[in-house]
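**Student:** To be precise about what I am sending: the file is called input-v4.pdb and holds PDB, C-alpha atoms.
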```pdb
ATOM      1  CA  MET A   1       0.000   0.000   0.000
ATOM      2  CA  TYR A   2       1.310   3.429  -0.951
ATOM      3  CA  ALA A   3       1.387   6.234   1.587
ATOM      4  CA  PRO A   4       1.225   9.827   0.334
ATOM      5  CA  ILE A   5       4.533  11.671   0.183
ATOM      6  CA  MET A   6       3.438  15.263   0.516
ATOM      7  CA  SER A   7       6.748  16.668  -0.706
ATOM      8  CA  GLU A   8       6.463  14.616  -3.903
ATOM      9  CA  GLN A   9       6.327  16.530  -7.161
ATOM     10  CA  ILE A  10       3.229  15.973  -9.249
ATOM     11  CA  GLY A  11       2.744  16.939 -12.874
ATOM     12  CA  PHE A  12      -0.654  18.392 -13.745
ATOM     13  CA  LEU A  13      -2.040  18.866 -17.251
ATOM     14  CA  GLY A  14      -5.208  20.838 -17.995
ATOM     15  CA  LEU A  15      -6.204  23.906 -16.002
ATOM     16  CA  GLY A  16      -9.800  24.387 -17.006
ATOM     17  CA  LEU A  17     -12.747  25.097 -14.718
ATOM     18  CA  LEU A  18     -12.294  21.751 -12.976
ATOM     19  CA  GLY A  19      -8.555  21.262 -13.311
ATOM     20  CA  THR A  20      -7.597  24.537 -11.667
ATOM     21  CA  PRO A  21      -9.287  23.907  -8.289
ATOM     22  CA  MET A  22      -8.051  20.303  -8.305
ATOM     23  CA  ALA A  23      -4.477  21.477  -8.860
ATOM     24  CA  ALA A  24      -4.949  24.069  -6.113
ATOM     25  CA  ASN A  25      -6.068  21.276  -3.785
ATOM     26  CA  LEU A  26      -2.800  19.445  -4.442
ATOM     27  CA  LEU A  27      -0.887  22.566  -3.436
ATOM     28  CA  ASP A  28      -3.028  22.802  -0.302
ATOM     29  CA  ALA A  29      -2.100  19.209   0.511
ATOM     30  CA  GLY A  30       1.595  20.064   0.333
ATOM     31  CA  TYR A  31       2.500  18.556  -3.025
ATOM     32  CA  ARG A  32       4.897  20.353  -5.340
ATOM     33  CA  LEU A  33       3.426  20.945  -8.800
ATOM     34  CA  ARG A  34       4.624  21.352 -12.350
ATOM     35  CA  VAL A  35       1.706  22.511 -14.485
ATOM     36  CA  TRP A  36       0.873  22.948 -18.153
ATOM     37  CA  ASN A  37      -2.117  24.340 -20.019
ATOM     38  CA  ARG A  38      -2.615  25.334 -23.650
ATOM     39  CA  THR A  39      -3.507  28.844 -22.499
ATOM     40  CA  ALA A  40      -0.496  29.490 -20.303
ATOM     41  CA  SER A  41      -2.061  32.386 -18.396
ATOM     42  CA  LYS A  42      -4.527  29.999 -16.745
ATOM     43  CA  ALA A  43      -1.630  28.814 -14.587
ATOM     44  CA  ASP A  44      -0.947  32.294 -13.180
ATOM     45  CA  GLN A  45      -2.791  31.842  -9.889
ATOM     46  CA  LEU A  46      -1.114  28.491  -9.279
ATOM     47  CA  VAL A  47       2.328  29.854 -10.144
ATOM     48  CA  ALA A  48       1.736  32.653  -7.634
ATOM     49  CA  ARG A  49       1.292  29.928  -5.032
ATOM     50  CA  GLY A  50       4.485  28.092  -5.933
ATOM     51  CA  ALA A  51       3.634  25.850  -8.888
ATOM     52  CA  VAL A  52       6.130  25.697 -11.755
ATOM     53  CA  ARG A  53       4.737  26.448 -15.220
ATOM     54  CA  VAL A  54       6.273  24.509 -18.128
ATOM     55  CA  ASP A  55       6.117  25.036 -21.885
ATOM     56  CA  ALA A  56       5.286  21.507 -23.059
ATOM     57  CA  PRO A  57       3.096  18.741 -21.585
ATOM     58  CA  ALA A  58       5.931  16.239 -21.196
ATOM     59  CA  ASP A  59       7.881  18.755 -19.124
ATOM     60  CA  VAL A  60       5.511  18.259 -16.184
ATOM     61  CA  ALA A  61       6.825  14.704 -15.802
ATOM     62  CA  THR A  62       9.715  13.391 -13.763
ATOM     63  CA  ARG A  63      11.113   9.950 -14.436
ATOM     64  CA  GLY A  64       9.184   7.407 -12.413
ATOM     65  CA  GLY A  65       6.852  10.111 -11.103
ATOM     66  CA  ILE A  66       3.137  10.819 -11.277
ATOM     67  CA  VAL A  67       1.215  12.973 -13.746
ATOM     68  CA  VAL A  68      -2.465  13.863 -13.432
ATOM     69  CA  SER A  69      -4.284  15.040 -16.544
ATOM     70  CA  CYS A  70      -7.666  16.741 -16.639
ATOM     71  CA  LEU A  71      -8.077  17.298 -20.368
ATOM     72  CA  TRP A  72     -11.103  17.812 -22.587
ATOM     73  CA  ASP A  73     -11.310  14.701 -24.764
ATOM     74  CA  GLY A  74      -9.602  11.623 -26.096
ATOM     75  CA  ALA A  75      -7.805  13.557 -28.817
ATOM     76  CA  SER A  76      -6.292  15.892 -26.214
ATOM     77  CA  VAL A  77      -5.101  13.013 -24.045
ATOM     78  CA  GLY A  78      -3.730  11.118 -27.032
ATOM     79  CA  GLU A  79      -1.852  14.188 -28.222
ATOM     80  CA  VAL A  80       0.073  14.652 -24.986
ATOM     81  CA  VAL A  81       0.677  10.921 -24.564
ATOM     82  CA  ARG A  82       1.995  10.425 -28.090
ATOM     83  CA  GLY A  83       4.039  13.605 -28.165
ATOM     84  CA  GLY A  84       2.124  15.877 -30.490
ATOM     85  CA  LEU A  85       2.850  18.889 -28.282
ATOM     86  CA  GLY A  86       6.559  18.801 -27.649
ATOM     87  CA  GLY A  87       7.543  15.284 -26.647
ATOM     88  CA  GLY A  88       5.725  12.184 -25.455
ATOM     89  CA  LEU A  89       4.516  12.110 -21.872
ATOM     90  CA  ILE A  90       4.923   8.377 -21.342
ATOM     91  CA  GLU A  91       8.494   8.403 -22.686
ATOM     92  CA  ARG A  92       9.355  11.144 -20.201
ATOM     93  CA  LEU A  93       7.709   9.309 -17.298
ATOM     94  CA  GLY A  94       9.519   6.083 -18.140
ATOM     95  CA  ALA A  95       9.283   2.745 -16.364
ATOM     96  CA  GLY A  96       7.754   3.118 -12.927
ATOM     97  CA  GLY A  97       5.927   6.317 -13.818
ATOM     98  CA  MET A  98       2.189   6.785 -13.555
ATOM     99  CA  HIS A  99      -0.411   8.716 -15.527
ATOM    100  CA  ILE A 100      -3.803   9.340 -13.919
ATOM    101  CA  SER A 101      -6.252  10.444 -16.614
ATOM    102  CA  MET A 102      -9.355  12.233 -15.330
ATOM    103  CA  ALA A 103     -10.737  13.079 -18.768
ATOM    104  CA  THR A 104     -14.137  11.866 -19.908
ATOM    105  CA  ILE A 105     -13.270   9.895 -23.039
ATOM    106  CA  SER A 106     -14.604   6.788 -24.738
ATOM    107  CA  PRO A 107     -14.010   3.402 -23.081
ATOM    108  CA  GLU A 108     -12.258   2.204 -26.231
ATOM    109  CA  ALA A 109      -9.931   5.215 -26.274
ATOM    110  CA  SER A 110      -9.004   4.485 -22.662
ATOM    111  CA  ARG A 111      -8.181   0.881 -23.502
ATOM    112  CA  GLU A 112      -5.946   2.056 -26.342
ATOM    113  CA  LEU A 113      -4.185   4.487 -24.024
ATOM    114  CA  ALA A 114      -3.739   1.752 -21.422
ATOM    115  CA  GLU A 115      -2.008  -0.451 -23.986
ATOM    116  CA  GLN A 116       0.335   2.381 -25.009
ATOM    117  CA  HIS A 117       1.257   2.964 -21.371
ATOM    118  CA  ARG A 118       1.730  -0.759 -20.721
ATOM    119  CA  ALA A 119       4.126  -1.047 -23.648
ATOM    120  CA  ALA A 120       6.233   1.753 -22.167
ATOM    121  CA  GLY A 121       6.184   0.335 -18.632
ATOM    122  CA  VAL A 122       4.100   3.266 -17.366
ATOM    123  CA  ALA A 123       1.144   2.700 -15.043
ATOM    124  CA  TYR A 124      -2.178   4.083 -16.220
ATOM    125  CA  VAL A 125      -5.281   4.726 -14.126
ATOM    126  CA  GLU A 126      -8.528   6.025 -15.586
ATOM    127  CA  ALA A 127     -10.246   8.265 -13.067
ATOM    128  CA  PRO A 128     -13.180  10.226 -14.521
ATOM    129  CA  VAL A 129     -14.719  12.625 -12.061
ATOM    130  CA  PHE A 130     -18.222  13.767 -11.143
ATOM    131  CA  GLY A 131     -18.543  17.276  -9.800
ATOM    132  CA  ARG A 132     -18.712  20.922 -10.741
ATOM    133  CA  PRO A 133     -15.874  23.402 -10.011
ATOM    134  CA  GLU A 134     -17.441  24.417  -6.697
ATOM    135  CA  ALA A 135     -17.481  20.747  -5.655
ATOM    136  CA  ALA A 136     -13.791  20.502  -6.523
ATOM    137  CA  ALA A 137     -13.026  23.578  -4.404
ATOM    138  CA  ALA A 138     -15.001  22.045  -1.518
ATOM    139  CA  LYS A 139     -13.237  18.675  -1.969
ATOM    140  CA  GLN A 140     -16.551  16.962  -2.668
ATOM    141  CA  LEU A 141     -15.765  15.228  -5.967
ATOM    142  CA  GLN A 142     -16.875  11.675  -6.744
ATOM    143  CA  ILE A 143     -14.231   9.764  -8.692
ATOM    144  CA  CYS A 144     -14.553   6.439 -10.526
ATOM    145  CA  VAL A 145     -11.367   4.436 -11.064
ATOM    146  CA  ALA A 146     -10.217   1.481 -13.142
ATOM    147  CA  GLY A 147      -6.805  -0.099 -13.501
ATOM    148  CA  ALA A 148      -4.435  -2.516 -11.807
ATOM    149  CA  ASP A 149      -5.031  -2.780  -8.070
ATOM    150  CA  ALA A 150      -1.485  -1.745  -7.167
ATOM    151  CA  ASP A 151      -1.709   1.278  -9.441
ATOM    152  CA  LYS A 152      -5.045   2.354  -7.960
ATOM    153  CA  ALA A 153      -3.549   2.065  -4.480
ATOM    154  CA  ARG A 154      -0.686   4.337  -5.511
ATOM    155  CA  ALA A 155      -3.101   6.799  -7.138
ATOM    156  CA  LYS A 156      -5.627   6.952  -4.284
ATOM    157  CA  PRO A 157      -3.817   9.499  -2.065
ATOM    158  CA  ILE A 158      -3.502  11.801  -5.074
ATOM    159  CA  LEU A 159      -7.181  11.400  -5.948
ATOM    160  CA  VAL A 160      -8.174  12.201  -2.379
ATOM    161  CA  ALA A 161      -5.867  15.222  -2.413
ATOM    162  CA  VAL A 162      -7.353  16.648  -5.644
ATOM    163  CA  GLY A 163     -10.739  16.687  -3.904
ATOM    164  CA  GLY A 164     -12.090  13.157  -4.078
ATOM    165  CA  ASN A 165     -14.676  12.662  -1.345
ATOM    166  CA  GLY A 166     -15.710   9.295  -2.752
ATOM    167  CA  ILE A 167     -13.479   6.915  -4.733
ATOM    168  CA  PHE A 168     -15.412   4.142  -6.510
ATOM    169  CA  ASP A 169     -13.472   1.136  -7.773
ATOM    170  CA  PHE A 170     -14.656  -0.437 -11.047
ATOM    171  CA  GLY A 171     -12.029  -3.145 -11.238
ATOM    172  CA  GLU A 172      -9.087  -3.738 -13.504
ATOM    173  CA  ARG A 173     -10.780  -3.613 -16.919
ATOM    174  CA  PHE A 174     -10.092  -0.286 -18.551
ATOM    175  CA  GLY A 175     -13.156   1.539 -19.784
ATOM    176  CA  SER A 176     -15.320   0.382 -16.872
ATOM    177  CA  ALA A 177     -15.021   3.597 -14.853
ATOM    178  CA  LEU A 178     -15.734   5.597 -17.991
ATOM    179  CA  VAL A 179     -18.898   3.629 -18.687
ATOM    180  CA  CYS A 180     -20.169   4.758 -15.285
ATOM    181  CA  LYS A 181     -19.141   8.349 -15.998
ATOM    182  CA  LEU A 182     -20.922   8.387 -19.361
ATOM    183  CA  ALA A 183     -23.997   6.725 -17.847
ATOM    184  CA  GLY A 184     -24.062   9.321 -15.087
ATOM    185  CA  ASN A 185     -23.736  12.266 -17.457
ATOM    186  CA  PHE A 186     -26.469  10.775 -19.641
ATOM    187  CA  MET A 187     -28.779  10.569 -16.645
ATOM    188  CA  ILE A 188     -27.901  14.141 -15.656
ATOM    189  CA  GLY A 189     -28.788  15.213 -19.204
ATOM    190  CA  ALA A 190     -32.148  13.481 -18.971
ATOM    191  CA  MET A 191     -32.799  15.203 -15.642
ATOM    192  CA  ALA A 192     -31.807  18.587 -17.070
ATOM    193  CA  ALA A 193     -34.089  18.264 -20.092
ATOM    194  CA  SER A 194     -37.117  17.168 -18.073
ATOM    195  CA  MET A 195     -36.628  19.733 -15.326
ATOM    196  CA  SER A 196     -36.135  22.587 -17.788
ATOM    197  CA  GLU A 197     -39.379  21.690 -19.531
ATOM    198  CA  ALA A 198     -41.236  21.416 -16.221
ATOM    199  CA  ILE A 199     -40.029  24.887 -15.241
ATOM    200  CA  ALA A 200     -40.998  26.314 -18.629
ATOM    201  CA  VAL A 201     -44.551  24.913 -18.349
ATOM    202  CA  SER A 202     -44.853  26.220 -14.785
ATOM    203  CA  ARG A 203     -43.924  29.725 -15.933
ATOM    204  CA  ALA A 204     -46.320  29.554 -18.893
ATOM    205  CA  GLU A 205     -49.110  28.580 -16.503
ATOM    206  CA  GLN A 206     -48.140  31.476 -14.219
ATOM    207  CA  VAL A 207     -47.108  29.166 -11.402
ATOM    208  CA  ASP A 208     -44.014  30.189  -9.470
ATOM    209  CA  PRO A 209     -41.391  27.677 -10.650
ATOM    210  CA  ARG A 210     -39.539  27.997  -7.353
ATOM    211  CA  LEU A 211     -42.556  26.574  -5.550
ATOM    212  CA  VAL A 212     -42.754  23.722  -8.051
ATOM    213  CA  VAL A 213     -39.044  22.931  -7.785
ATOM    214  CA  ASP A 214     -39.034  23.228  -3.986
ATOM    215  CA  MET A 215     -41.968  20.836  -3.674
ATOM    216  CA  LEU A 216     -40.649  18.248  -6.115
ATOM    217  CA  THR A 217     -37.050  18.306  -4.869
ATOM    218  CA  SER A 218     -38.098  17.942  -1.245
ATOM    219  CA  THR A 219     -40.416  14.993  -1.899
ATOM    220  CA  LEU A 220     -40.429  12.948  -5.114
ATOM    221  CA  PHE A 221     -36.928  13.942  -6.226
ATOM    222  CA  ALA A 222     -35.235  14.719  -2.931
ATOM    223  CA  THR A 223     -31.649  14.365  -4.113
ATOM    224  CA  PRO A 224     -28.798  16.900  -4.012
ATOM    225  CA  LEU A 225     -28.524  16.770  -7.816
ATOM    226  CA  PHE A 226     -32.154  17.730  -8.458
ATOM    227  CA  GLN A 227     -32.081  20.327  -5.707
ATOM    228  CA  ARG A 228     -28.904  21.991  -6.959
ATOM    229  CA  TYR A 229     -29.805  22.017 -10.640
ATOM    230  CA  GLY A 230     -33.416  22.993  -9.929
ATOM    231  CA  LYS A 231     -32.282  26.218  -8.273
ATOM    232  CA  MET A 232     -29.850  26.951 -11.099
ATOM    233  CA  PHE A 233     -32.451  26.367 -13.824
ATOM    234  CA  VAL A 234     -34.995  28.587 -12.063
ATOM    235  CA  ASP A 235     -32.309  31.279 -11.939
ATOM    236  CA  GLY A 236     -31.822  31.040 -15.697
ATOM    237  CA  MET A 237     -28.940  28.617 -16.193
ATOM    238  CA  SER A 238     -29.174  26.674 -19.453
ATOM    239  CA  PHE A 239     -27.671  23.195 -19.518
ATOM    240  CA  SER A 240     -27.239  23.440 -23.285
ATOM    241  CA  ARG A 241     -24.735  26.300 -22.994
ATOM    242  CA  SER A 242     -22.120  23.767 -21.958
ATOM    243  CA  ARG A 243     -20.239  21.685 -24.536
ATOM    244  CA  ILE A 244     -20.304  18.700 -22.212
ATOM    245  CA  PRO A 245     -23.757  17.264 -23.109
ATOM    246  CA  ASP A 246     -22.954  17.103 -26.819
ATOM    247  CA  LYS A 247     -19.592  15.428 -26.247
ATOM    248  CA  ASP A 248     -20.577  12.964 -23.548
ATOM    249  CA  LEU A 249     -23.969  11.974 -24.955
ATOM    250  CA  GLY A 250     -22.177  11.337 -28.229
ATOM    251  CA  LEU A 251     -19.616   9.170 -26.458
ATOM    252  CA  LEU A 252     -22.354   7.111 -24.829
ATOM    253  CA  HIS A 253     -24.099   6.656 -28.166
ATOM    254  CA  ASP A 254     -20.853   5.597 -29.846
ATOM    255  CA  ALA A 255     -20.007   3.196 -27.021
ATOM    256  CA  ALA A 256     -23.450   1.599 -27.375
ATOM    257  CA  VAL A 257     -22.964   1.129 -31.120
ATOM    258  CA  ALA A 258     -19.459  -0.281 -30.605
ATOM    259  CA  CYS A 259     -20.724  -3.007 -28.270
ATOM    260  CA  GLY A 260     -23.774  -3.870 -30.377
ATOM    261  CA  THR A 261     -26.557  -2.181 -28.455
ATOM    262  CA  THR A 262     -28.439   1.102 -28.867
ATOM    263  CA  ALA A 263     -28.893   4.348 -26.953
ATOM    264  CA  PRO A 264     -31.887   6.075 -28.577
ATOM    265  CA  VAL A 265     -32.632   8.333 -25.599
ATOM    266  CA  ALA A 266     -29.033   9.561 -25.522
ATOM    267  CA  SER A 267     -29.226  10.303 -29.248
ATOM    268  CA  PHE A 268     -32.490  12.183 -28.777
ATOM    269  CA  LEU A 269     -31.073  14.223 -25.901
ATOM    270  CA  ARG A 270     -27.939  15.128 -27.847
ATOM    271  CA  ASP A 271     -30.073  16.425 -30.722
ATOM    272  CA  HIS A 272     -32.350  18.182 -28.225
ATOM    273  CA  PHE A 273     -29.524  20.126 -26.601
ATOM    274  CA  ARG A 274     -27.989  20.983 -29.960
ATOM    275  CA  THR A 275     -31.152  22.881 -30.935
ATOM    276  CA  LYS A 276     -31.323  24.914 -27.728
TER     277      LYS A 276
END
```
Can you present the structure in this file as structure tokens?

**Tutor:**
Amino acid sequence: MYAPIMSEQIGFLGLGLLGTPMAANLLDAGYRLRVWNRTASKADQLVARGAVRVDAPADVATRGGIVVSCLWDGASVGEVVRGGLGGGLIERLGAGGMHISMATISPEASRELAEQHRAAGVAYVEAPVFGRPEAAAAKQLQICVAGADADKARAKPILVAVGGNGIFDFGERFGSALVCKLAGNFMIGAMAASMSEAIAVSRAEQVDPRLVVDMLTSTLFATPLFQRYGKMFVDGMSFSRSRIPDKDLGLLHDAAVACGTTAPVASFLRDHFRTK
């Protein structure tokens, strides 16, 4: 079992809305960070706190060390792994190194990445994450993991440090944790579409949507997810403004096709959000 070494240097790739608070959490936990982002200025606040900004993704890595990536899609992860942006990450990590990928990508893409890492002697853990930026800042993320047991044990202290409040183990088969992530985002999309329509009808009927949402989310749908999103939708947030539904609903649809089943509701929802 691995114990966290708080003075250990961690590489971190991807400083978007979720990556930035997760990287900040690592600094809070006492880890030293080397960070990279396509838009370099997004690292400014972390650099002010002691992180080291590098010019190329592979430069975050130390031989035999750990790199966490929180990138947008499979193409982005593949690009840094294979060296399309200034040198290959896995070559720089070398034997004994570890890459923890927190991106939401297709299960098949994760299996391909796992094979590339295996061939280079680098451990790979898929660790897609549930949670908005405010959940990351509050260290209330829910993280699904898949990979070799020893690798997950080594990764766990890092995942807790980035803000993981719950770590859910989906075994050693790569792609399994991502199936759960895609299923979860699909179900969130279905909730968002139905709740938005319910609020719209309430307004059209001149019924205070806050009363409707408060009643439903304290009784029939008394879950933190419905409660949180209900308030945001009443206040005017549109789920379709995010690029996430289109990407992740598409990934679920493609995964269904690849394994010989169908996902008609996911396809409908993706088209629905595209028209909003």

**Student:** Applied to this file, what does the PyMOL selection byres ((chain A and resi 184-197) around 7) return in terms of residues, put as a PDB file with C-alpha atoms, keeping the file's coordinate frame?

**Tutor:**
```pdb
ATOM      1  CA  CYS A 180     -20.169   4.758 -15.285  1.00  0.00           C
ATOM      2  CA  LYS A 181     -19.141   8.349 -15.998  1.00  0.00           C
ATOM      3  CA  LEU A 182     -20.922   8.387 -19.361  1.00  0.00           C
ATOM      4  CA  ALA A 183     -23.997   6.725 -17.847  1.00  0.00           C
ATOM      5  CA  ALA A 198     -41.236  21.416 -16.221  1.00  0.00           C
ATOM      6  CA  ILE A 199     -40.029  24.887 -15.241  1.00  0.00           C
ATOM      7  CA  ALA A 200     -40.998  26.314 -18.629  1.00  0.00           C
ATOM      8  CA  VAL A 201     -44.551  24.913 -18.349  1.00  0.00           C
ATOM      9  CA  PHE A 233     -32.451  26.367 -13.824  1.00  0.00           C
ATOM     10  CA  PHE A 239     -27.671  23.195 -19.518  1.00  0.00           C
ATOM     11  CA  PRO A 245     -23.757  17.264 -23.109  1.00  0.00           C
ATOM     12  CA  ASP A 248     -20.577  12.964 -23.548  1.00  0.00           C
ATOM     13  CA  LEU A 249     -23.969  11.974 -24.955  1.00  0.00           C
ATOM     14  CA  ALA A 266     -29.033   9.561 -25.522  1.00  0.00           C
TER      15      ALA A 266
END
```

**Student:** What does the structure give for the distance between CA of Gly163 (chain A) and CA of Ala23 (chain A), in Å to one decimal?

**Tutor:** 9.3 Å

**Student:** In Å, with one decimal, what is the gap from CA of Asp149 (chain A) to CA of Ile66 (chain A)?

**Tutor:**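 Those two atoms sit 16.2 Å apart.
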
**Student:** Selected by the PyMOL selection byres ((chain A and resi 56) around 10) in the shown coordinates: which residues, as a short mmCIF file (atom, residue, chain, number, x, y, z; two decimals) with C-alpha atoms, in the frame of the given file?

**Tutor:**
```cif
data_model
loop_
_atom_site.label_atom_id
_atom_site.label_comp_id
_atom_site.auth_asym_id
_atom_site.auth_seq_id
_atom_site.Cartn_x
_atom_site.Cartn_y
_atom_site.Cartn_z
CA LEU A 13 -2.04 18.87 -17.25
CA VAL A 35 1.71 22.51 -14.48
CA TRP A 36 0.87 22.95 -18.15
CA ASN A 37 -2.12 24.34 -20.02
CA ARG A 38 -2.62 25.33 -23.65
CA ARG A 53 4.74 26.45 -15.22
CA VAL A 54 6.27 24.51 -18.13
CA ASP A 55 6.12 25.04 -21.88
CA PRO A 57 3.10 18.74 -21.58
CA ALA A 58 5.93 16.24 -21.20
CA ASP A 59 7.88 18.76 -19.12
CA VAL A 60 5.51 18.26 -16.18
CA VAL A 80 0.07 14.65 -24.99
CA GLY A 83 4.04 13.60 -28.16
CA GLY A 84 2.12 15.88 -30.49
CA LEU A 85 2.85 18.89 -28.28
CA GLY A 86 6.56 18.80 -27.65
CA GLY A 87 7.54 15.28 -26.65
CA GLY A 88 5.72 12.18 -25.46
CA LEU A 89 4.52 12.11 -21.87
#
```

**Student:** I'd like the neighbourhood of region 121-133 of chain A as JSON, numbers by chain, where a residue qualifies if any of its atoms comes within 6 Å (using all atoms listed in the file), though same-chain residues fewer than 4 positions away should be ignored.

**Tutor:** {"A": [17, 18, 95, 96, 97, 98, 99, 100, 101, 102, 103, 104, 114, 117, 141, 142, 143, 144, 145, 146, 147]}

**Student:** CA of Gly78 (chain A) to CA of Glu108 (chain A): how many Å, to one decimal?

**Tutor:** 12.4 Å

**Student:** Counting only C-alpha atoms, figure out which residue out of A:Ile167, A:Leu113, A:Leu225, A:Ala161 gets nearest to Gly74 (chain A).

**Tutor:**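 Looking at the shortest contact to Gly74 (chain A), the residue is A:Leu113.
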
**Student:** For each of A:Asp208, A:Ala255, A:Leu216, A:Asp246, take the minimum atom-to-atom distance to Leu269 (chain A), counting only C-alpha atoms, then give the residue where this is smallest.

**Tutor:**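 Nearest to Leu269 (chain A): A:Asp246.
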
**Student:** Near Phe12 (chain A), within 6 Å and counting all atoms listed in the file, which residues show up once chain neighbours fewer than 4 positions away are dropped, as a ChimeraX atom specification?

**Tutor:** /A:35,67-69

**Student:** Grab the residues selected above and save them as a tab-separated table (two decimals), keeping the file's coordinate frame with C-alpha atoms.

**Tutor:**
```
chain	number	residue	atom	x	y	z
A	35	VAL	CA	1.71	22.51	-14.48
A	67	VAL	CA	1.22	12.97	-13.75
A	68	VAL	CA	-2.46	13.86	-13.43
A	69	SER	CA	-4.28	15.04	-16.54
```

**Student:** Taking into account only C-alpha atoms, which residue in the set A:Lys247, A:Arg82, A:Arg210, A:Arg34 is nearest to Lys231 (chain A)?

**Tutor:**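 Of all the options, A:Arg210 lies closest to Lys231 (chain A).
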
**Student:** Would you place a box with edges along x, y and z of the file around all atoms of region 202-211 of chain A listed there, add 5 Å to each of its six sides, and report the centre and edge lengths in Å to one decimal, as lines of an AutoDock Vina configuration file?

**Tutor:**
```
center_x = -44.3
center_y = 28.8
center_z = -12.2
size_x = 19.6
size_y = 15.3
size_z = 23.3
```

**Student:** Counting all atoms listed in the file, figure out which residue out of A:Ser106, A:Leu71, A:Gly230, A:Leu159 gets nearest to Thr217 (chain A).

**Tutor:**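 With all atoms listed in the file as the atom set, the closest residue is A:Gly230.
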
**Student:** A:Met22, A:Val207, A:Gly260, A:Phe273: which is nearest Ser238 (chain A), counting only C-alpha atoms?

**Tutor:**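 Among the listed residues, the smallest separation from Ser238 (chain A) belongs to A:Phe273.
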
**Student:** Residues at most 7 Å from Arg63 (chain A), counting only C-alpha atoms, excluding those fewer than 3 positions away in the same chain, as a PyMOL selection string?

**Tutor:** chain A and resi 92-94+97

**Student:** Next, write the just-selected residues to a file, as an mmCIF file, in the coordinates of the input, keeping C-alpha atoms as the atom set.

**Tutor:**
```cif
data_model
loop_
_atom_site.group_PDB
_atom_site.id
_atom_site.type_symbol
_atom_site.label_atom_id
_atom_site.label_comp_id
_atom_site.auth_asym_id
_atom_site.auth_seq_id
_atom_site.Cartn_x
_atom_site.Cartn_y
_atom_site.Cartn_z
ATOM 1 C CA ARG A 92 9.355 11.144 -20.201
ATOM 2 C CA LEU A 93 7.709 9.309 -17.298
ATOM 3 C CA GLY A 94 9.519 6.083 -18.140
ATOM 4 C CA GLY A 97 5.927 6.317 -13.818
#
```
